[in-house]
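Asker: Structure provided below as structure tokens; questions to follow.
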Amino acid sequence: MKLIKLNAINSTNTFLKKLSKNSLLENFTVVVTENQTNGRGQQESIWFSEPSKNLTFSVYLSDLRLKISDQKFLNYAVSLAIYTVLKDKKTPNLAIKWPNDIVSVNKKLCGILIENSIQKNYIQNSIIGIGINVNQVTFPETIKNVTSLKNLLHIDVDLDILLHEICLELKNHLQLLSEKKYELLEDSYLKVLYQIHKAMMFKNTDNQLFLGIIRGISESGNIMIELENETIKEFGVKEISFA
């Protein structure tokens with residue numbers, strides 16, 4: 001593992017993306033920063049992080065040779081790796097909120113952004129951006145339903161140790177991916193999926209609320225929701241949100 005530490009950067013994902021275009025990066029190159037000034041999340045959302053309080057880093061993976069049709073298993077592997085480390089720290093009421101947020105007591109603790117480089121029908125390289133709220137205790141009023149490890153565990157967490165633990169666990173789960181243990185990854189993911197098999201409210205792209213029950217994940221990685229008429233419909237990341 002090659003580790004690059006930066007004092008400040010707009011986005012570790014953007015930094016790694018530019019670096020990979022201009023140089024030959026070794027597999028599992030990690031870029032971590034104390035201050036990410038323009039972190040990005042799913043659907044172009046902004047990831048706010050107080051300097052030196054949180055863990056914001058990206059991992060470059062090369063030569064994945066993963067079929068595009070199997071990309072959901074990469075998401076499973078990454079999400080489960082972080083979930084496992086946080087679970088070991090006795091983080092309460094932990095779950096993976098589709099597609100790959102980690103939540104505790106119904107509040108967001110970690111965000112993941114996966115950006116893939118595709119050649120033909122395969123994912124060749126991937127940049128995994130991870131942001132974990134660690135020692136930050138207050139958040140802007142504009143950001144709702146977020147928490148941190150310190151708020152949950154009432155202790156300071158060493159950022160370097162946490163990074164090391166996550167990288168080790170990420171390697172373990174990526175090994176499962178390379179061994180094509182897809183069924184194991186999916187079973188593990190669904191066991192900890194937030195609100196699975198429970199009735200809850202969702203919001204569509206027209207801001208309309210509807211009641212549904214999460215029943216699983218489709219082959220393409222979409223969420224499968226049982227509607228009130230007992231039919232099951234698939235939704236993509238940009239087509240639905242949790243109300």
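All residue names refer to the structure tokens as shown: chains lettered A, B, ... in order, residues numbered from 1 in each chain, ligands numbered from 1 in order.
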Among the residues of range 10-226 of chain A, find those DSSP assigns to alpha helix (DSSP H) from the backbone and print them as a ChimeraX atom specification.

Answerer: /A:12-22,71-88,149-153,159-178,182-191

Asker: Please provide the set of residues having any atom within 10 Å of Leu61 in chain A, restricted to only C-alpha atoms, with same-chain residues fewer than 3 positions apart removed, written as a list in words.

Answerer: Leu25, Glu26, Asn27, Phe28, Thr29, Val30, Ser58, Leu64, Asn116, Gln124, Asn125, Ser126, Ile127, Ile128 and Leu174 of chain A

Asker: Tell me which protein, DNA and RNA residues are within 12 Å of Ile161 in chain A, counting only C-alpha atoms, leaving out same-chain ones fewer than 6 positions away, and put them as an mmCIF file with N, CA, C and O atoms, in the first residue's frame.

Answerer:
data_model
loop_
_atom_site.group_PDB
_atom_site.id
_atom_site.type_symbol
_atom_site.label_atom_id
_atom_site.label_comp_id
_atom_site.auth_asym_id
_atom_site.auth_seq_id
_atom_site.Cartn_x
_atom_site.Cartn_y
_atom_site.Cartn_z
ATOM 1 N N LEU A 55 -12.074 11.445 9.029
ATOM 2 C CA LEU A 55 -11.263 10.643 8.125
ATOM 3 C C LEU A 55 -11.794 10.789 6.709
ATOM 4 O O LEU A 55 -12.909 10.342 6.408
ATOM 5 N N VAL A 85 -15.483 -2.718 10.441
ATOM 6 C CA VAL A 85 -14.583 -1.993 11.350
ATOM 7 C C VAL A 85 -15.373 -1.191 12.378
ATOM 8 O O VAL A 85 -15.060 -1.198 13.579
ATOM 9 N N VAL A 134 -15.705 11.401 12.464
ATOM 10 C CA VAL A 134 -15.005 10.720 13.556
ATOM 11 C C VAL A 134 -15.058 11.526 14.850
ATOM 12 O O VAL A 134 -15.785 11.201 15.780
ATOM 13 N N CYS A 167 -8.287 0.011 5.851
ATOM 14 C CA CYS A 167 -7.537 -0.480 4.688
ATOM 15 C C CYS A 167 -7.315 -1.989 4.772
ATOM 16 O O CYS A 167 -7.430 -2.698 3.754
ATOM 17 N N LEU A 168 -7.016 -2.500 5.955
ATOM 18 C CA LEU A 168 -6.843 -3.943 6.125
ATOM 19 C C LEU A 168 -8.142 -4.690 5.817
ATOM 20 O O LEU A 168 -8.138 -5.711 5.113
#

Asker: Using only C-alpha atoms, which protein or nucleic acid residues come within 12 Å of Ala199 in chain A? Drop anything in the same chain fewer than 6 positions from it, and give the result as a count of residues only.

Answerer: 12

Asker: Name the residues of range 16-146 of chain A that come out as strand (DSSP E) in a backbone DSSP run; write them as JSON, numbers by chain.

Answerer: {"A": [29, 30, 31, 32, 33, 34, 35, 36, 39, 40, 46, 47, 55, 56, 57, 58, 59, 60, 61, 66, 67, 94, 95, 96, 97, 101, 102, 103, 104, 107, 108, 109, 110, 111, 112, 113, 114, 115, 116, 117, 118, 119, 122, 123, 124, 125, 126, 127, 128, 129, 130, 131, 132]}

Asker: Give the answer as one residue: which of A:Leu19, A:Ile217, A:Val105, A:Ile130 has the shortest atom-to-atom distance to Leu170 in chain A, using only C-alpha atoms?

Answerer: A:Ile130

Asker: Just to confirm, what's the straight-line distance from CA of Asn7 in chain A to CA of Asp156 in chain A in Å (one decimal)?

Answerer: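 A separation of 20.3 Å between them.
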
Asker: For Leu94 in chain A, which of A:Lys191, A:Lys72, A:His197, A:Lys238 is the closest residue, counting only C-alpha atoms?

Answerer: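 Ranked by minimum distance to Leu94 in chain A, first place goes to A:Lys191.
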
Asker: Which of these, A:Lys171, A:Ile9, A:Val31, A:Gly236, has the shortest distance to Trp98 in chain A once you count only C-alpha atoms?

Answerer: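 Ranking A:Lys171, A:Ile9, A:Val31, A:Gly236 by distance to Trp98 in chain A, first place goes to A:Gly236.
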
Asker: Here is a test: counting only C-alpha atoms, which residue of A:Asn204, A:Cys110, A:Leu209, A:Glu50 is nearest to Phe235 in chain A?

Answerer: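 Under the stated criterion, the closest residue is A:Asn204.
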
Asker: Extract, using only C-alpha atoms, all DNA, RNA and protein residues at most 8 Å from Lys53 in chain A, discarding same-chain residues fewer than 5 positions from it, and format them as a PyMOL selection string.

Answerer: chain A and resi 34+133-136

Asker: Filtering to N, CA, C and O atoms, could you give me those residues as a CSV table (one decimal), in the first residue's frame?

Answerer:
chain,number,residue,atom,x,y,z
A,34,GLU,N,-6.1,16.0,5.8
A,34,GLU,CA,-6.7,16.5,7.1
A,34,GLU,C,-7.8,17.5,6.8
A,34,GLU,O,-8.7,17.7,7.6
A,133,ASN,N,-17.3,10.6,9.6
A,133,ASN,CA,-17.4,11.6,10.7
A,133,ASN,C,-16.8,10.9,12.0
A,133,ASN,O,-17.4,9.9,12.5
A,134,VAL,N,-15.7,11.4,12.5
A,134,VAL,CA,-15.0,10.7,13.6
A,134,VAL,C,-15.1,11.5,14.8
A,134,VAL,O,-15.8,11.2,15.8
A,135,ASN,N,-14.3,12.6,14.9
A,135,ASN,CA,-14.2,13.4,16.2
A,135,ASN,C,-14.9,14.7,16.1
A,135,ASN,O,-14.8,15.5,17.0
A,136,GLN,N,-15.6,15.0,15.1
A,136,GLN,CA,-16.4,16.2,14.9
A,136,GLN,C,-17.7,16.0,15.8
A,136,GLN,O,-18.4,15.0,15.7

Asker: Find the spatial neighbours of Asp70 in chain A, counting only C-alpha atoms, within a cut-off of 10 Å - ignore same-chain residues fewer than 2 positions away - and output them as a compact mmCIF listing (two decimals) with N, CA, C and O atoms, in the first residue's frame.

Answerer:
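And here's selection.txt as it stands now:
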# COMPACT_ATOMS: atom_id res chain seq x y z
N LEU A 66 -13.45 -6.49 -13.37
CA LEU A 66 -14.78 -6.82 -12.87
C LEU A 66 -15.81 -6.47 -13.93
O LEU A 66 -15.82 -5.36 -14.46
N LYS A 67 -16.68 -7.41 -14.26
CA LYS A 67 -17.72 -7.14 -15.25
C LYS A 67 -18.60 -5.99 -14.78
O LYS A 67 -18.92 -5.90 -13.59
N ILE A 68 -19.00 -5.13 -15.70
CA ILE A 68 -19.89 -4.03 -15.36
C ILE A 68 -21.16 -4.55 -14.71
O ILE A 68 -21.69 -3.96 -13.77
N LYS A 72 -22.14 -4.10 -8.57
CA LYS A 72 -22.77 -3.96 -7.26
C LYS A 72 -21.98 -4.71 -6.18
O LYS A 72 -22.00 -4.33 -5.02
N PHE A 73 -21.23 -5.74 -6.58
CA PHE A 73 -20.47 -6.52 -5.61
C PHE A 73 -19.24 -5.75 -5.10
O PHE A 73 -18.79 -5.97 -3.97
N LEU A 74 -18.74 -4.84 -5.92
CA LEU A 74 -17.68 -3.94 -5.45
C LEU A 74 -18.25 -3.01 -4.39
O LEU A 74 -17.62 -2.77 -3.35
N ASN A 75 -19.44 -2.51 -4.63
CA ASN A 75 -20.12 -1.67 -3.65
C ASN A 75 -20.35 -2.44 -2.34
O ASN A 75 -20.12 -1.91 -1.25
N TYR A 122 -15.77 -4.17 -18.89
CA TYR A 122 -15.14 -4.43 -17.60
C TYR A 122 -14.76 -3.13 -16.88
O TYR A 122 -14.42 -2.13 -17.51
N ILE A 123 -14.84 -3.19 -15.55
CA ILE A 123 -14.28 -2.12 -14.71
C ILE A 123 -12.81 -2.45 -14.52
O ILE A 123 -12.47 -3.48 -13.94
N LEU A 177 -14.10 -10.44 -3.29
CA LEU A 177 -14.54 -10.00 -4.61
C LEU A 177 -13.72 -10.68 -5.71
O LEU A 177 -14.28 -11.18 -6.69
N LYS A 180 -14.61 -14.08 -6.41
CA LYS A 180 -15.98 -14.16 -6.93
C LYS A 180 -16.96 -14.79 -5.94
O LYS A 180 -17.88 -15.54 -6.33
N TYR A 182 -19.57 -13.87 -4.66
CA TYR A 182 -20.62 -12.88 -4.79
C TYR A 182 -21.82 -13.18 -3.87
O TYR A 182 -22.41 -12.27 -3.30
N GLU A 219 -30.26 -7.40 -9.94
CA GLU A 219 -28.99 -7.79 -10.55
C GLU A 219 -28.18 -6.57 -10.98
O GLU A 219 -26.95 -6.60 -10.94
N SER A 220 -28.86 -5.50 -11.36
CA SER A 220 -28.16 -4.30 -11.81
C SER A 220 -27.80 -3.37 -10.66
O SER A 220 -27.21 -2.30 -10.88
N GLY A 221 -28.16 -3.73 -9.43
CA GLY A 221 -27.81 -2.91 -8.28
C GLY A 221 -28.88 -1.92 -7.85
O GLY A 221 -28.67 -1.14 -6.92

Asker: Using only C-alpha atoms, which residue out of A:Ile143, A:Leu190, A:Val157, A:Ala8 lies closest to Pro51 in chain A?

Answerer: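 For Pro51 in chain A, the nearest of the given residues is A:Ala8.
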
Asker: List as a VMD selection string the protein and nucleic acid residues near Glu239 in chain A, meaning an atom at most 10 Å away when only C-alpha atoms are counted, but skip any in the same chain fewer than 5 places from it.

Answerer: chain A and resid 203 to 206 222 234
